[in-house]
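Asker: I'm passing along input_32.tsv; it holds TSV, C-alpha atoms.
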```
chain	number	residue	atom	x	y	z
A	252	MET	CA	9.76	-6.20	-35.74
A	253	LEU	CA	10.58	-9.41	-33.96
A	254	GLN	CA	13.96	-8.05	-32.94
A	255	LYS	CA	12.35	-4.93	-31.45
A	256	GLN	CA	9.99	-7.05	-29.38
A	257	GLN	CA	12.87	-9.23	-28.27
A	258	LEU	CA	14.83	-6.19	-27.08
A	259	GLN	CA	11.79	-4.80	-25.29
A	260	ALA	CA	11.15	-8.18	-23.65
A	261	GLU	CA	14.73	-8.31	-22.41
A	262	THR	CA	14.40	-4.82	-20.90
A	263	ILE	CA	11.08	-5.76	-19.31
A	264	ARG	CA	12.55	-8.92	-17.78
A	265	ARG	CA	15.52	-6.93	-16.48
A	266	ILE	CA	13.66	-3.99	-14.90
A	267	SER	CA	10.98	-6.27	-13.44
A	268	GLY	CA	13.53	-8.58	-11.89
A	269	VAL	CA	11.26	-11.49	-12.89
A	270	ASN	CA	12.51	-14.85	-14.09
A	271	THR	CA	9.59	-15.90	-16.29
A	272	ARG	CA	11.01	-19.41	-16.65
A	273	LYS	CA	10.19	-20.19	-13.02
A	274	CYS	CA	6.45	-20.13	-13.89
A	275	MET	CA	4.80	-23.56	-13.80
A	276	LYS	CA	1.56	-22.23	-15.34
A	277	CYS	CA	-0.74	-23.12	-12.45
A	278	GLY	CA	-2.83	-19.95	-12.95
A	279	LYS	CA	-3.00	-19.05	-9.28
A	280	CYS	CA	-2.01	-15.42	-10.01
A	281	THR	CA	-5.06	-15.00	-12.22
A	282	ALA	CA	-7.33	-16.88	-9.84
A	283	THR	CA	-6.41	-14.57	-6.97
A	284	CYS	CA	-6.31	-11.31	-8.97
A	285	PRO	CA	-9.13	-8.95	-7.87
A	286	ALA	CA	-9.18	-7.34	-11.34
A	287	HIS	CA	-8.81	-10.38	-13.62
A	288	SER	CA	-12.44	-10.24	-14.78
A	289	GLU	CA	-11.74	-6.77	-16.21
A	290	MET	CA	-8.55	-7.80	-17.98
A	291	ASP	CA	-8.16	-8.71	-21.66
A	292	ILE	CA	-4.84	-10.43	-20.89
A	293	SER	CA	-4.76	-12.04	-17.45
A	294	PRO	CA	-1.68	-12.13	-15.19
A	295	HIS	CA	-0.61	-15.72	-16.01
A	296	ARG	CA	-0.67	-14.90	-19.71
A	297	PHE	CA	1.51	-11.84	-19.07
A	298	VAL	CA	4.18	-14.17	-17.76
A	299	SER	CA	4.16	-16.49	-20.77
A	300	MET	CA	3.85	-13.65	-23.30
A	301	VAL	CA	6.89	-11.85	-21.87
A	302	GLU	CA	8.71	-15.19	-21.94
A	303	ASN	CA	7.81	-15.52	-25.63
A	304	ASN	CA	8.68	-11.90	-26.50
A	305	GLU	CA	5.07	-11.06	-27.46
A	306	ILE	CA	5.39	-7.47	-26.31
A	307	ASP	CA	3.32	-5.53	-28.87
A	308	ALA	CA	0.09	-7.15	-27.67
A	309	LEU	CA	0.97	-6.47	-24.04
A	310	MET	CA	1.84	-2.82	-24.71
A	311	SER	CA	-1.64	-2.18	-26.10
A	312	SER	CA	-3.41	-4.33	-23.52
A	313	ASP	CA	-6.07	-2.78	-21.32
A	314	SER	CA	-4.79	-4.92	-18.44
A	315	LEU	CA	-1.96	-2.41	-17.90
A	316	TRP	CA	-4.56	-0.01	-16.49
A	317	LYS	CA	-6.53	-2.60	-14.54
A	318	CYS	CA	-3.81	-3.99	-12.27
A	319	LEU	CA	-4.42	-2.62	-8.76
A	320	SER	CA	-0.88	-3.29	-7.45
A	321	CYS	CA	-2.39	-5.20	-4.53
A	322	PHE	CA	0.44	-7.80	-4.65
A	323	ALA	CA	-1.95	-10.73	-4.19
A	324	CYS	CA	-0.34	-12.52	-7.18
A	325	VAL	CA	3.14	-11.75	-5.82
A	326	GLU	CA	2.32	-13.11	-2.37
A	327	ARG	CA	0.44	-16.20	-3.51
A	328	CYS	CA	2.55	-17.45	-6.43
A	329	PRO	CA	3.91	-20.84	-5.36
A	330	ARG	CA	7.05	-20.26	-7.46
A	331	GLY	CA	7.81	-16.66	-6.45
A	332	VAL	CA	7.37	-15.34	-10.01
A	333	GLU	CA	5.90	-11.91	-9.08
A	334	PRO	CA	3.58	-11.26	-12.05
A	335	ALA	CA	2.66	-7.73	-10.81
A	336	ASN	CA	6.28	-6.68	-11.35
A	337	LEU	CA	5.99	-7.74	-15.01
A	338	ILE	CA	2.75	-5.84	-15.54
A	339	GLU	CA	4.41	-2.78	-13.97
A	340	ALA	CA	7.49	-3.15	-16.18
A	341	VAL	CA	5.30	-3.21	-19.32
A	342	ARG	CA	3.25	-0.29	-18.01
A	343	VAL	CA	6.31	1.92	-17.40
A	344	THR	CA	7.70	0.92	-20.80
A	345	ALA	CA	4.42	2.09	-22.33
A	346	VAL	CA	4.05	5.39	-20.45
A	347	ARG	CA	7.68	6.31	-21.08
A	348	MET	CA	6.87	6.48	-24.80
A	349	GLN	CA	5.73	9.72	-26.36
A	350	ASN	CA	2.02	10.53	-26.03
A	351	ARG	CA	1.28	7.45	-23.97
A	352	ASN	CA	0.34	9.30	-20.76
A	353	ARG	CA	-3.06	8.04	-19.73
A	354	LEU	CA	-3.83	10.59	-17.03
A	355	LEU	CA	-3.42	14.24	-18.01
A	356	PRO	CA	-3.37	17.14	-15.54
A	357	GLU	CA	-6.14	18.93	-17.45
A	358	ASN	CA	-8.47	16.00	-16.80
A	359	ILE	CA	-8.01	16.19	-13.03
A	360	PRO	CA	-10.56	18.91	-12.12
A	361	SER	CA	-13.45	16.80	-13.45
A	362	LEU	CA	-12.28	13.81	-11.39
A	363	LEU	CA	-12.04	15.67	-8.10
A	364	ASN	CA	-14.50	15.55	-5.25
A	365	ASN	CA	-14.33	16.87	-1.70
A	366	LYS	CA	-13.31	13.64	-0.05
A	367	LEU	CA	-10.82	12.31	-2.60
A	368	PRO	CA	-7.51	11.81	-0.77
A	369	GLN	CA	-4.24	13.19	-2.20
A	370	GLN	CA	-2.97	9.63	-2.03
A	371	ALA	CA	-5.37	8.68	-4.87
A	372	LEU	CA	-4.13	11.45	-7.15
A	373	VAL	CA	-0.45	10.86	-6.46
A	374	SER	CA	-0.83	7.10	-6.97
A	375	ALA	CA	-2.78	7.50	-10.19
A	376	PHE	CA	-0.23	9.93	-11.65
A	377	ARG	CA	2.59	7.56	-10.76
A	378	LYS	CA	0.78	4.63	-12.35
A	379	TYR	CA	-0.77	6.20	-15.43
A	380	SER	CA	1.68	8.89	-16.55
A	381	LYS	CA	5.29	9.94	-16.80
B	31	MET	CA	10.90	6.61	23.69
B	32	THR	CA	11.13	9.02	20.77
B	33	PHE	CA	10.46	8.18	17.12
B	34	ASP	CA	10.93	10.28	14.01
B	35	TYR	CA	7.46	10.57	12.51
B	36	TYR	CA	6.59	10.62	8.79
B	37	PRO	CA	2.94	11.72	8.40
B	38	GLY	CA	2.71	11.89	4.58
B	39	CYS	CA	0.60	14.11	2.33
B	40	THR	CA	-2.89	12.79	3.01
B	41	LEU	CA	-2.59	12.89	6.81
B	42	LYS	CA	-2.11	16.65	6.56
B	43	THR	CA	-5.29	17.13	4.57
B	44	LYS	CA	-8.06	14.58	3.97
B	45	ALA	CA	-7.05	12.13	6.71
B	46	LYS	CA	-6.40	14.52	9.59
B	47	GLU	CA	-8.35	12.27	11.97
B	48	LEU	CA	-5.86	9.46	11.41
B	49	ASP	CA	-2.98	11.79	12.29
B	50	ILE	CA	-4.39	13.89	15.14
B	51	HIS	CA	-5.57	10.93	17.21
B	52	ALA	CA	-2.34	9.04	16.59
B	53	ARG	CA	-0.35	11.96	17.99
B	54	SER	CA	-2.53	12.45	21.07
B	55	ALA	CA	-2.70	8.70	21.84
B	56	ALA	CA	1.07	8.32	21.49
B	57	GLU	CA	1.61	11.23	23.85
B	58	ALA	CA	-0.79	9.75	26.40
B	59	LEU	CA	1.06	6.44	26.19
B	60	GLY	CA	4.45	8.06	26.77
B	61	ILE	CA	5.75	7.93	23.18
B	62	LYS	CA	7.18	11.05	21.63
B	63	LEU	CA	6.65	11.57	17.90
B	64	GLU	CA	9.01	14.11	16.36
B	65	GLU	CA	7.73	15.04	12.91
B	66	LEU	CA	10.56	14.83	10.43
B	67	THR	CA	11.44	18.30	9.16
B	68	ASP	CA	11.17	18.85	5.41
B	69	TRP	CA	9.69	15.44	4.60
B	70	GLN	CA	8.51	15.02	1.03
B	71	CYS	CA	5.62	12.96	-0.37
B	72	CYS	CA	6.63	9.29	-0.74
B	73	GLY	CA	4.81	8.98	-4.08
B	74	ALA	CA	2.07	6.76	-2.64
B	75	VAL	CA	2.94	3.73	-4.79
B	76	TYR	CA	6.15	1.74	-4.64
B	77	PRO	CA	8.14	2.03	-7.89
B	78	MET	CA	8.44	-1.64	-8.78
B	79	ALA	CA	10.63	-1.15	-11.84
B	80	LYS	CA	14.27	-1.50	-10.82
B	81	ASP	CA	15.43	1.33	-13.10
B	82	GLU	CA	13.17	3.90	-11.37
B	83	ILE	CA	15.55	6.05	-9.31
B	84	ALA	CA	13.96	9.52	-9.01
B	85	THR	CA	10.75	8.05	-7.61
B	86	ARG	CA	12.73	6.46	-4.76
B	87	LEU	CA	14.55	9.61	-3.66
B	88	SER	CA	11.96	11.18	-1.36
B	89	SER	CA	11.79	7.99	0.69
B	90	VAL	CA	15.57	7.79	0.91
B	91	ARG	CA	15.77	11.43	2.04
B	92	ALA	CA	13.40	10.67	4.92
B	93	LEU	CA	15.23	7.46	5.79
B	94	ALA	CA	18.65	9.12	5.73
B	95	ALA	CA	17.42	12.04	7.85
B	96	SER	CA	16.12	9.58	10.41
B	97	ARG	CA	19.42	7.70	10.38
B	98	ASP	CA	21.23	11.02	11.02
B	99	ASN	CA	18.84	11.72	13.93
B	100	GLY	CA	19.64	8.30	15.37
B	101	ARG	CA	15.99	7.30	15.60
B	102	ASP	CA	13.60	4.75	14.15
B	103	LEU	CA	11.22	6.14	11.52
B	104	LEU	CA	7.55	5.79	12.41
B	105	THR	CA	4.90	5.71	9.69
B	106	LEU	CA	1.12	5.59	9.92
B	107	CYS	CA	-0.46	5.72	6.45
B	108	SER	CA	-0.38	2.21	4.92
B	109	ALA	CA	0.88	3.53	1.58
B	110	CYS	CA	3.73	5.57	3.10
B	111	HIS	CA	4.73	2.59	5.21
B	112	HIS	CA	4.70	0.29	2.18
B	113	VAL	CA	6.74	2.62	-0.03
B	114	ILE	CA	9.32	3.67	2.57
B	115	LYS	CA	9.85	0.17	3.92
B	116	ARG	CA	10.32	-1.30	0.43
B	117	VAL	CA	12.66	1.47	-0.71
B	118	ASN	CA	14.66	0.90	2.47
B	119	ASN	CA	14.87	-2.78	1.55
B	120	ASP	CA	16.16	-1.80	-1.91
B	121	MET	CA	18.85	0.33	-0.27
B	122	GLN	CA	19.88	-2.66	1.83
B	123	THR	CA	19.79	-5.34	-0.84
B	124	ASP	CA	20.03	-3.90	-4.37
B	125	GLU	CA	23.53	-2.71	-5.12
B	126	GLU	CA	22.63	-0.99	-8.39
B	127	ILE	CA	19.80	1.04	-6.84
B	128	ARG	CA	21.91	1.88	-3.79
B	129	THR	CA	24.82	3.09	-5.92
B	130	LYS	CA	22.69	5.18	-8.27
B	131	VAL	CA	20.72	6.80	-5.43
B	132	ASN	CA	23.84	7.66	-3.46
B	133	ASN	CA	25.61	8.95	-6.56
B	134	TYR	CA	22.69	11.22	-7.29
B	135	MET	CA	22.11	12.47	-3.75
B	136	SER	CA	25.80	12.66	-2.73
B	137	PRO	CA	24.99	12.64	1.00
B	138	GLU	CA	27.74	13.30	3.53
B	139	THR	CA	27.45	9.69	4.64
B	140	GLU	CA	26.12	7.20	2.09
B	141	TYR	CA	22.79	5.68	2.96
B	142	HIS	CA	22.72	1.87	2.98
B	143	GLY	CA	19.34	1.16	4.58
B	144	GLU	CA	20.38	1.56	8.22
B	145	THR	CA	17.08	3.04	9.47
B	146	LYS	CA	14.42	0.83	11.02
B	147	VAL	CA	10.95	1.60	9.65
B	148	VAL	CA	8.19	1.01	12.18
B	149	HIS	CA	4.45	1.24	11.57
B	150	TYR	CA	2.33	2.81	14.33
B	151	LEU	CA	0.60	-0.54	14.90
B	152	GLU	CA	3.98	-2.25	15.30
B	153	MET	CA	4.90	0.43	17.85
B	154	LEU	CA	1.67	-0.25	19.77
B	155	ARG	CA	2.32	-4.00	19.65
B	156	ASP	CA	6.08	-4.12	20.25
B	157	THR	CA	7.01	-0.94	22.16
B	158	ILE	CA	3.92	-0.19	24.26
B	159	GLY	CA	2.30	-3.62	24.28
B	160	PHE	CA	-1.41	-4.40	23.95
B	161	ASP	CA	-1.59	-5.36	27.66
B	162	THR	CA	-0.67	-1.79	28.59
B	163	ILE	CA	-3.38	-0.43	26.30
B	164	ARG	CA	-5.89	-2.81	27.90
B	165	GLN	CA	-4.90	-1.50	31.34
B	166	ARG	CA	-5.11	2.11	30.18
B	167	ALA	CA	-8.54	1.70	28.56
B	168	VAL	CA	-10.75	4.25	30.34
B	169	LYS	CA	-13.76	3.71	28.09
B	170	PRO	CA	-13.48	0.15	26.73
B	171	LEU	CA	-15.67	-0.76	23.77
B	172	THR	CA	-17.31	-3.66	25.58
B	173	GLY	CA	-19.78	-5.59	23.42
B	174	LYS	CA	-18.77	-3.90	20.18
B	175	LYS	CA	-18.01	-6.21	17.23
B	176	ILE	CA	-15.31	-4.71	15.06
B	177	GLY	CA	-13.88	-5.95	11.77
B	178	ALA	CA	-10.26	-5.15	10.93
B	179	TYR	CA	-9.78	-4.13	7.32
B	180	TYR	CA	-6.10	-4.66	6.56
B	181	GLY	CA	-6.16	-4.10	2.80
B	182	CYS	CA	-3.00	-4.92	0.85
B	183	LEU	CA	-0.17	-2.55	1.53
B	184	LEU	CA	0.70	-3.37	5.15
B	185	LEU	CA	0.86	-7.10	4.51
B	186	ARG	CA	2.21	-7.76	1.03
B	187	PRO	CA	4.77	-8.77	-0.07
B	188	ASN	CA	5.47	-10.39	3.27
B	189	LYS	CA	9.11	-11.14	2.51
B	190	VAL	CA	9.79	-7.39	2.65
B	191	MET	CA	6.96	-5.99	4.78
B	192	ALA	CA	7.32	-8.66	7.53
B	193	PHE	CA	4.36	-7.02	9.24
B	194	ASP	CA	2.27	-10.02	10.20
B	195	ASN	CA	1.08	-13.31	8.72
B	196	PRO	CA	-0.04	-12.07	5.25
B	197	GLU	CA	-2.99	-14.49	4.97
B	198	ASN	CA	-4.03	-14.70	8.60
B	199	PRO	CA	-2.93	-11.49	10.29
B	200	THR	CA	-3.68	-10.87	13.97
B	201	VAL	CA	-2.25	-7.46	14.93
B	202	LEU	CA	-5.45	-5.48	14.36
B	203	GLU	CA	-7.57	-8.17	16.04
B	204	ASP	CA	-5.25	-8.05	19.07
B	205	PHE	CA	-5.59	-4.27	19.01
B	206	ILE	CA	-9.40	-4.58	18.94
B	207	ARG	CA	-9.28	-6.94	21.94
B	208	ALA	CA	-7.07	-4.47	23.80
B	209	LEU	CA	-9.79	-1.85	23.30
B	210	GLY	CA	-12.26	-4.19	25.02
B	211	ALA	CA	-14.17	-5.03	21.82
B	212	GLU	CA	-14.63	-8.32	20.00
B	213	PRO	CA	-12.76	-8.76	16.69
B	214	VAL	CA	-14.73	-10.13	13.74
B	215	ILE	CA	-12.77	-12.38	11.39
B	216	TYR	CA	-14.16	-12.20	7.86
B	217	PRO	CA	-12.72	-13.58	4.61
B	218	TYR	CA	-12.20	-10.30	2.71
B	219	ARG	CA	-10.24	-8.44	5.39
B	220	ASN	CA	-6.98	-8.63	3.41
B	221	GLU	CA	-8.42	-8.31	-0.12
B	222	CYS	CA	-8.03	-5.16	-2.22
B	223	CYS	CA	-10.53	-2.23	-2.15
B	224	GLY	CA	-9.48	-1.13	-5.64
B	225	GLY	CA	-6.87	1.43	-4.55
B	226	TYR	CA	-6.11	4.14	-7.10
B	227	ILE	CA	-8.43	2.54	-9.72
B	228	SER	CA	-11.34	4.49	-8.22
B	229	LEU	CA	-10.06	7.58	-10.01
B	230	GLU	CA	-10.83	6.13	-13.43
B	231	ASN	CA	-12.95	3.04	-12.82
B	232	ASN	CA	-15.30	3.56	-9.89
B	233	GLU	CA	-17.34	0.48	-10.79
B	234	LEU	CA	-14.42	-1.88	-10.23
B	235	SER	CA	-13.66	-0.36	-6.84
B	236	ALA	CA	-17.37	-0.48	-5.98
B	237	LYS	CA	-17.46	-4.22	-6.76
B	238	LYS	CA	-14.48	-4.85	-4.50
B	239	CYS	CA	-15.79	-2.66	-1.69
B	240	ASP	CA	-19.18	-4.36	-1.79
B	241	GLN	CA	-17.55	-7.78	-1.46
B	242	ILE	CA	-15.63	-6.52	1.56
B	243	THR	CA	-18.58	-4.92	3.35
B	244	VAL	CA	-20.97	-7.81	2.59
B	245	SER	CA	-18.38	-10.24	3.92
B	246	ALA	CA	-17.96	-8.17	7.12
B	247	LEU	CA	-21.72	-7.76	7.60
B	248	GLU	CA	-22.37	-11.48	7.09
B	249	ASN	CA	-19.93	-12.12	9.90
B	250	LYS	CA	-21.82	-9.66	12.12
B	251	ALA	CA	-19.39	-6.75	12.27
B	252	ASP	CA	-20.78	-3.44	13.67
B	253	MET	CA	-17.98	-1.37	12.22
B	254	LEU	CA	-14.68	-1.54	10.32
B	255	ILE	CA	-11.31	-0.03	11.15
B	256	THR	CA	-8.48	0.79	8.76
B	257	ALA	CA	-5.06	2.45	8.65
B	258	CYS	CA	-5.23	3.57	5.02
B	259	PRO	CA	-6.81	6.83	3.76
B	260	LEU	CA	-7.46	5.38	0.30
B	261	CYS	CA	-9.16	2.26	1.70
B	262	MET	CA	-11.20	4.62	3.88
B	263	TYR	CA	-12.20	6.70	0.87
B	264	ASN	CA	-13.08	3.73	-1.33
B	265	LEU	CA	-15.05	1.95	1.37
B	266	ASP	CA	-16.90	5.17	2.11
B	267	ALA	CA	-17.48	6.52	-1.40
B	268	ASN	CA	-17.81	3.29	-3.37
B	269	THR	CA	-19.86	1.06	-1.07
B	270	ASN	CA	-23.57	0.89	-1.78
B	271	SER	CA	-25.42	3.14	0.65
B	272	GLU	CA	-27.52	0.40	2.21
B	273	HIS	CA	-24.42	-1.41	3.46
B	274	LYS	CA	-22.64	1.78	4.40
B	275	THR	CA	-25.24	2.88	6.95
B	276	LYS	CA	-24.98	-0.51	8.66
B	277	LEU	CA	-21.20	-0.56	8.70
B	278	PRO	CA	-19.40	2.66	9.62
B	279	ILE	CA	-15.65	2.75	8.97
B	280	VAL	CA	-13.18	4.68	11.11
B	281	TYR	CA	-9.43	5.00	11.45
B	282	PHE	CA	-8.00	2.72	14.14
B	283	THR	CA	-6.39	5.74	15.87
B	284	GLU	CA	-9.81	7.36	16.36
B	285	LEU	CA	-10.95	4.36	18.41
B	286	LEU	CA	-7.68	4.30	20.34
B	287	ALA	CA	-8.08	7.94	21.38
B	288	GLN	CA	-11.72	7.34	22.27
B	289	VAL	CA	-10.89	4.36	24.49
B	290	LEU	CA	-8.04	6.26	26.19
B	291	ASP	CA	-10.56	9.09	26.67
B	292	ILE	CA	-8.36	11.80	25.21
```
Can you give me the file's structure in the form of structure tokens?
Answerer:
Amino acid sequence: MLQKQQLQAETIRRISGVNTRKCMKCGKCTATCPAHSEMDISPHRFVSMVENNEIDALMSSDSLWKCLSCFACVERCPRGVEPANLIEAVRVTAVRMQNRNRLLPENIPSLLNNKLPQQALVSAFRKYSK
Amino acid sequence: MTFDYYPGCTLKTKAKELDIHARSAAEALGIKLEELTDWQCCGAVYPMAKDEIATRLSSVRALAASRDNGRDLLTLCSACHHVIKRVNNDMQTDEEIRTKVNNYMSPETEYHGETKVVHYLEMLRDTIGFDTIRQRAVKPLTGKKIGAYYGCLLLRPNKVMAFDNPENPTVLEDFIRALGAEPVIYPYRNECCGGYISLENNELSAKKCDQITVSALENKADMLITACPLCMYNLDANTNSEHKTKLPIVYFTELLAQVLDI
């Protein structure tokens, strides 16, 4: 089990392009995150948990679906760690697995309204499904 | 001057006002926008994972077509600009992505990020100049107090977007001054509206939008302007109705066309 998590963590570090060891644990990413109050695992913990190969907990974390990709944490990290890239890497690792799509086409009609821009649908599909 | 123009999916449907007024204002200011033939949706969010190749292709197709036309590529929607500019940066700087994309697409001439991606606001600022707009203002918005809502995608990450100062931007405020109005600086102008989260968690977007509108109202804004259809939607649909009636939100191109009296 540990070996599986280690392999997943290596993949996540590679496809995110993030060097988790640069983090100095100041917590600024979480402090500036507009969604952190909705998250079970906040952005600064993502960084240390990927560093420590604790991937199972991250893969089932609700935070994957709360990140807004606003890049506030990326812009404001004093060490250039880019936590959003890590959350994204875990999210794509999750949705690439079988039956992990969060947004299904059949659920779309009930979410539609007259003003909803196509941009919202396209973004959500890219973020929540494969 | 002629630009290749990438409108994107939403500007053809729910955000027609953003597009129509941009075209007419550009024409009035002597800029020709040639819509790129056969453009495809950019995907609306930048694929951050480095092993995502297919999701980068539509941007590269637009960029390569523009390179072949020998023109800069002009964008207007904040999301399209963000995605296309960042994918272009990948094609310039990431050898693995560049190789895989070119191998897959097999273009006649490999694409290495040669095209310059220009946002409409950058064109107004750098090609036309805000002084020219001030001189051309037929119906200036004298006395109007307008808040610029930048959102996230035009500004961050600054090392790639290089659009403006990411924490203290000025381009939209300079634009507002050129229209004869007074810009309102308020703290939440570059904080997130919730983006795509409104599809599954309206409450979170509503919280964010309320912070933005309250912040703008406290600083005495009469209206907000934006360049992003999703910010527009969230601020319209997810702001509590009491604030909304006090603070209309319009696309910046609508005001430009109005001031130029088109």
Asker: Would you mind telling me which residue in A:Pro285, A:Pro334, A:Pro329, A:Pro294 lies nearest to chain B when using only C-alpha atoms?
Answerer: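 For chain B, the nearest of the candidates is A:Pro285.
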Asker: Per residue of chain B within 6 Å of chain A, note the shortest atom pair and the distance in Å to one decimal, counting only C-alpha atoms, and order the rows by chain and increasing residue number, as JSON lines.
Answerer:
```
{"residue": "B:Thr40", "atom": "CA", "partner": "A:Gln369", "partner_atom": "CA", "distance": 5.4}
{"residue": "B:Lys44", "atom": "CA", "partner": "A:Pro368", "partner_atom": "CA", "distance": 5.5}
{"residue": "B:Ala74", "atom": "CA", "partner": "A:Ser374", "partner_atom": "CA", "distance": 5.2}
{"residue": "B:Val75", "atom": "CA", "partner": "A:Ser374", "partner_atom": "CA", "distance": 5.5}
{"residue": "B:Ala79", "atom": "CA", "partner": "A:Ile266", "partner_atom": "CA", "distance": 5.2}
{"residue": "B:Lys80", "atom": "CA", "partner": "A:Ile266", "partner_atom": "CA", "distance": 4.8}
{"residue": "B:Asp81", "atom": "CA", "partner": "A:Ile266", "partner_atom": "CA", "distance": 5.9}
{"residue": "B:Cys182", "atom": "CA", "partner": "A:Cys321", "partner_atom": "CA", "distance": 5.4}
{"residue": "B:Arg186", "atom": "CA", "partner": "A:Phe322", "partner_atom": "CA", "distance": 5.9}
{"residue": "B:Pro187", "atom": "CA", "partner": "A:Glu326", "partner_atom": "CA", "distance": 5.5}
{"residue": "B:Tyr226", "atom": "CA", "partner": "A:Ala371", "partner_atom": "CA", "distance": 5.1}
```
Asker: Distance CA of Asn364 in chain A-CA of Ile50 in chain B, one decimal place?
Answerer: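 Rounded to one decimal, the two atoms are 22.8 Å apart.
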Asker: Could you tell me which of A:Ser299, A:Leu315, A:Asp307, A:Lys255 comes closest to Cys277 in chain A if we count all atoms listed in the file?
Answerer: A:Ser299
Asker: Could you tell me which of B:Pro170, B:Pro137, B:Gly143, B:Pro196 comes closest to Met121 in chain B if we count all atoms listed in the file?
Answerer: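 Among B:Pro170, B:Pro137, B:Gly143, B:Pro196, it is B:Gly143 that comes nearest to Met121 in chain B.
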Asker: Grab all the atoms of range 108-126 of chain B that the file lists, wrap them in a box along x, y and z, add 6 Å per side, and give me centre plus edge lengths in Å (one decimal) as lines of an AutoDock Vina configuration file.
Answerer:
```
center_x = 11.6
center_y = 0.1
center_z = -1.6
size_x = 35.9
size_y = 22.9
size_z = 25.6
```
Asker: Measuring atom to atom with all atoms listed in the file, identify which of A:Asp291, A:Arg330, A:Ser361, A:Ser311 is nearest to Val346 in chain A.
Answerer: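 Closest to Val346 in chain A, using all atoms listed in the file: A:Ser311.
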Asker: Under the rule that all atoms listed in the file are counted, which of A:Arg351, A:Leu258, A:Cys280, A:Leu253 is the nearest residue to Gly331 in chain A?
Answerer: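 Of A:Arg351, A:Leu258, A:Cys280, A:Leu253, the one nearest Gly331 in chain A is A:Cys280, counting all atoms listed in the file.
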